[in-house]
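Note sheet for the following structure.
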Amino acid sequence: MERFLRYSLEKQRPIRLIFFADDGSMKQVNAQVTGFSEERVSFTCLRPKGSYEVPLERLLSADYKRGDEGQD
């Protein structure tokens, strides 16, 4: 998962993330990572627009966005 987070942060490209929101619901979003550490990840959602910062343990999955194969 760290590979996808670094890819988004370094290339400034959106990826698909699945995570648990503050209310306990599961969310799938296309987002661009704006920062991450060993404990937290920050990202901006493309739709609906918004910024999130969640603990890494609430992040369930990271993958390329549809149509992106990770090649430049």
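Going by the structure tokens order, chains are called A, B, ..., each with residues numbered from 1, while ligands are numbered from 1 in the order shown.
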Taking the backbone alone, and naming residues the way the document does, which bits of chain A are alpha helix (DSSP H) by DSSP, as an MDAnalysis selection string? chainID A and resid 2:11
Hey, what's within 8 Å of Phe19 in chain A if we count only C-alpha atoms and toss same-chain stuff fewer than 4 positions away? As an mmCIF file with all heavy atoms, in the first residue's frame, please?
```
data_model
loop_
_atom_site.group_PDB
_atom_site.id
_atom_site.type_symbol
_atom_site.label_atom_id
_atom_site.label_comp_id
_atom_site.auth_asym_id
_atom_site.auth_seq_id
_atom_site.Cartn_x
_atom_site.Cartn_y
_atom_site.Cartn_z
ATOM 1 N N MET A 26 -17.584 2.749 5.395
ATOM 2 C CA MET A 26 -16.492 2.464 4.480
ATOM 3 C C MET A 26 -16.662 3.347 3.244
ATOM 4 O O MET A 26 -17.742 3.467 2.699
ATOM 5 C CB MET A 26 -16.513 0.992 4.059
ATOM 6 C CG MET A 26 -15.255 0.563 3.378
ATOM 7 S SD MET A 26 -15.251 -1.166 2.820
ATOM 8 C CE MET A 26 -15.900 -2.032 4.203
ATOM 9 N N LYS A 27 -15.579 3.987 2.827
ATOM 10 C CA LYS A 27 -15.627 4.890 1.678
ATOM 11 C C LYS A 27 -14.598 4.464 0.647
ATOM 12 O O LYS A 27 -13.498 4.037 0.984
ATOM 13 C CB LYS A 27 -15.307 6.318 2.109
ATOM 14 C CG LYS A 27 -16.223 6.860 3.159
ATOM 15 C CD LYS A 27 -16.749 8.170 2.733
ATOM 16 C CE LYS A 27 -17.624 8.733 3.831
ATOM 17 N NZ LYS A 27 -18.925 9.030 3.403
ATOM 18 N N GLN A 28 -14.989 4.588 -0.617
ATOM 19 C CA GLN A 28 -14.066 4.397 -1.737
ATOM 20 C C GLN A 28 -14.023 5.708 -2.496
ATOM 21 O O GLN A 28 -15.059 6.223 -2.910
ATOM 22 C CB GLN A 28 -14.531 3.280 -2.655
ATOM 23 C CG GLN A 28 -13.638 3.120 -3.874
ATOM 24 C CD GLN A 28 -14.066 1.971 -4.759
ATOM 25 O OE1 GLN A 28 -14.268 0.877 -4.287
ATOM 26 N NE2 GLN A 28 -14.197 2.242 -6.036
ATOM 27 N N ARG A 58 -6.861 2.771 9.484
ATOM 28 C CA ARG A 58 -8.209 2.859 8.906
ATOM 29 C C ARG A 58 -8.189 2.791 7.383
ATOM 30 O O ARG A 58 -9.231 2.707 6.748
ATOM 31 C CB ARG A 58 -8.889 4.146 9.363
ATOM 32 C CG ARG A 58 -9.257 4.055 10.821
ATOM 33 C CD ARG A 58 -10.213 5.089 11.342
ATOM 34 N NE ARG A 58 -10.647 6.123 10.457
ATOM 35 C CZ ARG A 58 -10.860 7.377 10.830
ATOM 36 N NH1 ARG A 58 -10.650 7.743 12.077
ATOM 37 N NH2 ARG A 58 -11.286 8.266 9.972
ATOM 38 N N LEU A 59 -7.001 2.813 6.796
ATOM 39 C CA LEU A 59 -6.860 2.690 5.351
ATOM 40 C C LEU A 59 -6.857 1.204 4.994
ATOM 41 O O LEU A 59 -6.015 0.447 5.458
ATOM 42 C CB LEU A 59 -5.564 3.360 4.899
ATOM 43 C CG LEU A 59 -5.345 3.515 3.414
ATOM 44 C CD1 LEU A 59 -6.420 4.397 2.793
ATOM 45 C CD2 LEU A 59 -3.971 4.103 3.163
ATOM 46 N N LEU A 60 -7.831 0.795 4.193
ATOM 47 C CA LEU A 60 -7.995 -0.625 3.873
ATOM 48 C C LEU A 60 -7.303 -1.039 2.584
ATOM 49 O O LEU A 60 -6.800 -2.153 2.483
ATOM 50 C CB LEU A 60 -9.486 -0.964 3.772
ATOM 51 C CG LEU A 60 -10.324 -0.684 5.019
ATOM 52 C CD1 LEU A 60 -11.785 -0.937 4.720
ATOM 53 C CD2 LEU A 60 -9.838 -1.528 6.169
ATOM 54 N N SER A 61 -7.310 -0.151 1.577
ATOM 55 C CA SER A 61 -6.777 -0.534 0.278
ATOM 56 C C SER A 61 -6.350 0.701 -0.500
ATOM 57 O O SER A 61 -6.928 1.774 -0.344
ATOM 58 C CB SER A 61 -7.855 -1.292 -0.507
ATOM 59 O OG SER A 61 -7.406 -1.598 -1.802
#
```
With only C-alpha atoms as the basis for distance, which of A:Phe36, A:Phe4, A:Phe43, A:Phe20 is at the shortest distance from Glu57 in chain A?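 Looking at the shortest contact to Glu57 in chain A, the residue is A:Phe20.
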Show me, as a ChimeraX atom specification, the residues that have an atom within 7 Å of range 9-15 of chain A when counting only C-alpha atoms, minus same-chain residues fewer than 6 positions from it. /A:30-35,62-65
Please produce a file of the residues just selected, as a JSON list (two decimals), in the first residue's frame, where the atoms kept are N, CA and C atoms.
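The new file part_5.json reads:
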```json
[["chain", "number", "residue", "atom", "x", "y", "z"],
["A", 30, "ASN", "N", -11.51, 8.43, -5.24],
["A", 30, "ASN", "CA", -10.33, 8.75, -6.02],
["A", 30, "ASN", "C", -9.72, 9.96, -5.35],
["A", 31, "ALA", "N", -8.47, 9.87, -4.96],
["A", 31, "ALA", "CA", -7.85, 10.92, -4.17],
["A", 31, "ALA", "C", -6.39, 11.08, -4.52],
["A", 32, "GLN", "N", -5.89, 12.29, -4.26],
["A", 32, "GLN", "CA", -4.47, 12.55, -4.41],
["A", 32, "GLN", "C", -3.87, 12.71, -3.03],
["A", 33, "VAL", "N", -2.84, 11.93, -2.75],
["A", 33, "VAL", "CA", -2.18, 11.98, -1.45],
["A", 33, "VAL", "C", -1.38, 13.28, -1.35],
["A", 34, "THR", "N", -1.57, 13.98, -0.23],
["A", 34, "THR", "CA", -0.86, 15.24, -0.01],
["A", 34, "THR", "C", 0.22, 15.09, 1.06],
["A", 35, "GLY", "N", 0.20, 13.98, 1.80],
["A", 35, "GLY", "CA", 1.23, 13.71, 2.79],
["A", 35, "GLY", "C", 0.94, 12.43, 3.54],
["A", 62, "ALA", "N", -5.35, 0.53, -1.35],
["A", 62, "ALA", "CA", -4.91, 1.57, -2.28],
["A", 62, "ALA", "C", -4.59, 0.89, -3.60],
["A", 63, "ASP", "N", -4.96, 1.55, -4.69],
["A", 63, "ASP", "CA", -4.78, 0.97, -6.01],
["A", 63, "ASP", "C", -4.72, 2.10, -7.03],
["A", 64, "TYR", "N", -4.28, 1.77, -8.25],
["A", 64, "TYR", "CA", -4.32, 2.75, -9.32],
["A", 64, "TYR", "C", -5.77, 3.13, -9.62],
["A", 65, "LYS", "N", -5.97, 4.38, -9.97],
["A", 65, "LYS", "CA", -7.28, 4.85, -10.42],
["A", 65, "LYS", "C", -7.60, 4.19, -11.76]]
```
Enumerate as a ChimeraX atom specification all residues of range 3-67 of chain A assigned to strand (DSSP E or B) by DSSP on the backbone, naming them with the chain letters and numbers the document uses. /A:15-20,26-36,40-45,50-55,59-64
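Candidate residues A:Val54, A:Glu38, A:Pro48, A:Arg3 were compared for distance to Ile18 in chain A, and the nearest is A:Val54, using only C-alpha atoms.
When the distance limit is 7 Å and only C-alpha atoms are what count, the residues near Glu53 in chain A, minus those fewer than 5 positions from it on the same chain, are A:Arg40, A:Val41, A:Ser42, A:Phe43.
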Just to confirm, what's the straight-line distance from CA of Glu2 in chain A to CA of Asp23 in chain A in Å (one decimal)?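 It comes out at 24.5 Å.
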Please report the interatomic distance between CA of Leu5 in chain A and CA of Thr44 in chain A in Å with one decimal. 12.4 Å
